[in-house]
Amino acid sequence: MRLSDVDYNIPGLPFKQKEFILPTLSTSSVPFRNSKQFIECYTHLDRSEFSFVNHGAFGLALDVGLSRAHSWRVFLESQPLRFFDRYLLNHLAHSARCLVDFVAKEKRNKMRESIALISNVTSGMNAVIGGHARCNKNDGKKVFYFDIGYGSNKKMCQTYHGENVIEIPFEQDFLPLLQSISPHSTSSREENDSHPQAAEVFLSAFDASVSKLINEGKHSKSSLAGSLLILDHITSNTAIHTPIKSLSKYAREEYGMVTVVDGAHSLLSLPLDIPNILSDDCSGEGIDIYLTNCHKWFSAPRGAAALFCSNTHIQETILRQPAVVSHGVNDGFMSRFIWDGCRDYAAELSIP
């Protein structure tokens, strides 16, 4: 992973791969303008009774991804020992490098030490929320999430953190304010991250919950340092684009909180530039941990996702233990996540 592009040799496929011709994207910014060009990329899709538009729920894999994953499964079963001992890890590293190249316009060498391949965002969020609970077992640190956030994350928080969970009310009082903002006041959805009016609505809701906690005498401002703020980049049920940069910056500067973003729906639906999103050891700005799925809008087979963290302190504290502990747990950030037992890795191997 640390090798430069000049020194790195791409591992060759150990099987012949069927050739696929993918359409060329137009430069139009109109949503779904290119969708008709991709109909033939999903020849396996049953369209006899349904029209499929909901990539955000469970995804839909491209033919090319399914074919590559199938080839890897056949190669595995032709000689399992050869696959696991001689091919798997090199090709998983190649998948990770390819994914970094896709989401990083610059600082790719740094990002290659900041990625961990995981099977899905739920697995990664278990590692994050569970790790934060372990690191703050007797400190009473809180975990905050918005009521419009993903239900699974809420259940993880309640399981790992118990009574130290704070749900931020948003839907009833603040969602109407967000809806009142003219959609024409910003030129594109991704600009919500810096849209002042949208950010102010979220910040007001967040601040109201924290202020209530402090005013009740249960916490001081300083005692909240190290608490965890969970944000959905795009909410699951309502598709609201959360201004993650503004919220993360405020939570860190005002209260010393750590921020994790569940970006399950973001890969390919947004123009992600991960180095521009993440904080690191030096700048102290940006998101601390970012996770995204490959099976939704990216259209990879199910079972591939990524966790990004550039802060080495957080890598060795909150992220010290993956959801499934196995052989690589003591061998560094990527190694502790990349192998979680003898399972099907075909989806991750199909990323390139």
# chains A, B, ... in the order shown; residues from 1 in each chain; ligands from 1
>>> residues_around(residues="region 310-322 of chain A", least_positions_apart="3", cutoff="8 Å", atoms="only C-alpha atoms", output="PyMOL selection string")
chain A and resi 110-111+113-114+124+126-128+131-132+134-135+278-281+288-289+325+329+333+336-337
>>> residues_around(residues="region 96-104 of chain A", least_positions_apart="2", cutoff="7 Å", atoms="only C-alpha atoms", output="ChimeraX atom specification")
/A:1,92-94,106-108,111-112,117,272-275,352
>>> write_last_selection(atoms="N, CA and C atoms", output="PDB file, in the first residue's frame")
ATOM      1  N   MET A   1       0.825  -1.213   0.000  1.00  0.00           N
ATOM      2  CA  MET A   1       0.000   0.000   0.000  1.00  0.00           C
ATOM      3  C   MET A   1       0.857   1.259   0.000  1.00  0.00           C
ATOM      4  N   LEU A  92      -6.601  -7.729  -2.711  1.00  0.00           N
ATOM      5  CA  LEU A  92      -7.357  -6.834  -1.834  1.00  0.00           C
ATOM      6  C   LEU A  92      -6.636  -5.491  -1.706  1.00  0.00           C
ATOM      7  N   ALA A  93      -5.310  -5.543  -1.607  1.00  0.00           N
ATOM      8  CA  ALA A  93      -4.538  -4.301  -1.563  1.00  0.00           C
ATOM      9  C   ALA A  93      -4.715  -3.508  -2.849  1.00  0.00           C
ATOM     10  N   HIS A  94      -4.766  -4.204  -3.980  1.00  0.00           N
ATOM     11  CA  HIS A  94      -4.988  -3.519  -5.259  1.00  0.00           C
ATOM     12  C   HIS A  94      -6.382  -2.874  -5.299  1.00  0.00           C
ATOM     13  N   GLU A 106      -5.924  14.211  -4.658  1.00  0.00           N
ATOM     14  CA  GLU A 106      -4.540  14.451  -4.257  1.00  0.00           C
ATOM     15  C   GLU A 106      -4.272  13.686  -2.967  1.00  0.00           C
ATOM     16  N   LYS A 107      -3.035  13.753  -2.478  1.00  0.00           N
ATOM     17  CA  LYS A 107      -2.633  13.078  -1.230  1.00  0.00           C
ATOM     18  C   LYS A 107      -2.944  11.578  -1.251  1.00  0.00           C
ATOM     19  N   ARG A 108      -2.787  10.967  -2.431  1.00  0.00           N
ATOM     20  CA  ARG A 108      -3.156   9.560  -2.534  1.00  0.00           C
ATOM     21  C   ARG A 108      -2.273   8.659  -1.687  1.00  0.00           C
ATOM     22  N   MET A 111      -3.631   8.746   1.714  1.00  0.00           N
ATOM     23  CA  MET A 111      -4.926   8.069   1.775  1.00  0.00           C
ATOM     24  C   MET A 111      -4.778   6.547   1.755  1.00  0.00           C
ATOM     25  N   ARG A 112      -3.712   6.059   1.121  1.00  0.00           N
ATOM     26  CA  ARG A 112      -3.515   4.610   1.065  1.00  0.00           C
ATOM     27  C   ARG A 112      -3.193   4.024   2.434  1.00  0.00           C
ATOM     28  N   LEU A 117     -10.620  -1.680   4.034  1.00  0.00           N
ATOM     29  CA  LEU A 117     -11.729  -2.340   3.350  1.00  0.00           C
ATOM     30  C   LEU A 117     -12.572  -3.091   4.373  1.00  0.00           C
ATOM     31  N   LEU A 272     -17.207  12.702  -4.244  1.00  0.00           N
ATOM     32  CA  LEU A 272     -16.403  12.619  -3.030  1.00  0.00           C
ATOM     33  C   LEU A 272     -14.935  12.942  -3.297  1.00  0.00           C
ATOM     34  N   ASP A 273     -14.369  13.765  -2.428  1.00  0.00           N
ATOM     35  CA  ASP A 273     -12.929  14.012  -2.416  1.00  0.00           C
ATOM     36  C   ASP A 273     -12.481  13.781  -0.972  1.00  0.00           C
ATOM     37  N   ILE A 274     -12.162  12.547  -0.654  1.00  0.00           N
ATOM     38  CA  ILE A 274     -11.936  12.142   0.727  1.00  0.00           C
ATOM     39  C   ILE A 274     -10.821  12.944   1.414  1.00  0.00           C
ATOM     40  N   PRO A 275      -9.680  13.227   0.760  1.00  0.00           N
ATOM     41  CA  PRO A 275      -8.657  14.032   1.448  1.00  0.00           C
ATOM     42  C   PRO A 275      -9.163  15.413   1.865  1.00  0.00           C
ATOM     43  N   PRO A 352     -11.791  -3.153  -8.705  1.00  0.00           N
ATOM     44  CA  PRO A 352     -11.052  -2.596  -9.855  1.00  0.00           C
ATOM     45  C   PRO A 352     -11.806  -2.712 -11.171  1.00  0.00           C
TER      46      PRO A 352
END
>>> closest_residue(among="A:Gly140, A:Leu81, A:Ile129, A:Ala208", to="Cys157 (chain A)", atoms="only C-alpha atoms")
A:Ile129
>>> closest_residue(among="A:Ile287, A:Cys294, A:Leu213, A:Leu349", to="Leu268 (chain A)", atoms="only C-alpha atoms")
A:Cys294
>>> residues_around(residues="Cys41 (chain A)", least_positions_apart="6", cutoff="10 Å", atoms="only C-alpha atoms", output="compact mmCIF listing (two decimals) with C-alpha atoms, in the first residue's frame")
# COMPACT_ATOMS: atom_id res chain seq x y z
CA PHE A 20 -17.33 -5.22 -21.25
CA ILE A 21 -17.85 -1.92 -23.06
CA LEU A 22 -19.24 0.76 -20.76
CA PRO A 23 -20.91 3.92 -22.11
CA ALA A 61 -24.60 -4.60 -9.33
CA LEU A 62 -23.34 -3.95 -12.85
CA ASP A 63 -22.85 -6.94 -15.15
CA VAL A 64 -19.11 -6.30 -15.17
CA GLY A 65 -18.95 -6.46 -11.37
>>> closest_residue(among="A:Ser119, A:Gln197, A:Met257, A:His241", to="Tyr345 (chain A)", atoms="only C-alpha atoms")
A:Ser119
>>> atom_distance(atom1="CA of Ser78 (chain A)", atom2="CA of Lys18 (chain A)")
18.5 Å
>>> closest_residue(among="A:Leu13, A:Ala264, A:Leu3, A:Val201", to="Ile181 (chain A)", atoms="only C-alpha atoms")
A:Val201
>>> closest_residue(among="A:Leu175, A:Pro11, A:Glu163, A:Asn237", to="Gly151 (chain A)", atoms="only C-alpha atoms")
A:Asn237
>>> residues_around(residues="Ser123 (chain A)", least_positions_apart="5", cutoff="10 Å", atoms="only C-alpha atoms", output="PyMOL selection string")
chain A and resi 118+128+305+307+322-324
>>> residues_around(residues="region 246-252 of chain A", least_positions_apart="3", cutoff="10 Å", atoms="only C-alpha atoms", output="PyMOL selection string")
chain A and resi 192-196+198-200+202-203+206-207+225-231+242-243+255-261+279+284-288
>>> select_by_dssp(residues="region 4-251 of chain A", states="helix (DSSP H, G or I)", output="VMD selection string")
chain A and resid 35 to 41 55 to 58 63 to 78 80 to 103 108 to 111 121 to 135 151 to 164 175 to 180 183 to 185 189 to 194 196 to 215 222 to 224 244 to 251
>>> residues_around(residues="His161 (chain A)", least_positions_apart="3", cutoff="8 Å", atoms="only C-alpha atoms", output="PDB file with N, CA and C atoms, in the first residue's frame")
ATOM      1  N   ALA A 133     -17.156   3.442  22.766  1.00  0.00           N
ATOM      2  CA  ALA A 133     -17.672   3.025  24.074  1.00  0.00           C
ATOM      3  C   ALA A 133     -16.570   2.384  24.918  1.00  0.00           C
ATOM      4  N   LYS A 142     -20.612  11.064  25.847  1.00  0.00           N
ATOM      5  CA  LYS A 142     -21.877  10.906  25.154  1.00  0.00           C
ATOM      6  C   LYS A 142     -21.676  10.562  23.690  1.00  0.00           C
ATOM      7  N   VAL A 143     -22.733  10.039  23.096  1.00  0.00           N
ATOM      8  CA  VAL A 143     -22.784   9.869  21.651  1.00  0.00           C
ATOM      9  C   VAL A 143     -24.059  10.559  21.177  1.00  0.00           C
ATOM     10  N   CYS A 157     -25.785   2.503  19.025  1.00  0.00           N
ATOM     11  CA  CYS A 157     -25.488   3.447  20.109  1.00  0.00           C
ATOM     12  C   CYS A 157     -26.136   2.991  21.404  1.00  0.00           C
ATOM     13  N   GLN A 158     -27.385   2.585  21.339  1.00  0.00           N
ATOM     14  CA  GLN A 158     -28.096   2.140  22.529  1.00  0.00           C
ATOM     15  C   GLN A 158     -27.486   0.865  23.090  1.00  0.00           C
ATOM     16  N   ASN A 164     -25.891   6.768  27.805  1.00  0.00           N
ATOM     17  CA  ASN A 164     -25.070   7.903  27.365  1.00  0.00           C
ATOM     18  C   ASN A 164     -25.383   8.334  25.928  1.00  0.00           C
ATOM     19  N   VAL A 165     -26.583   8.034  25.469  1.00  0.00           N
ATOM     20  CA  VAL A 165     -27.010   8.354  24.113  1.00  0.00           C
ATOM     21  C   VAL A 165     -27.893   9.601  24.132  1.00  0.00           C
TER      22      VAL A 165
END
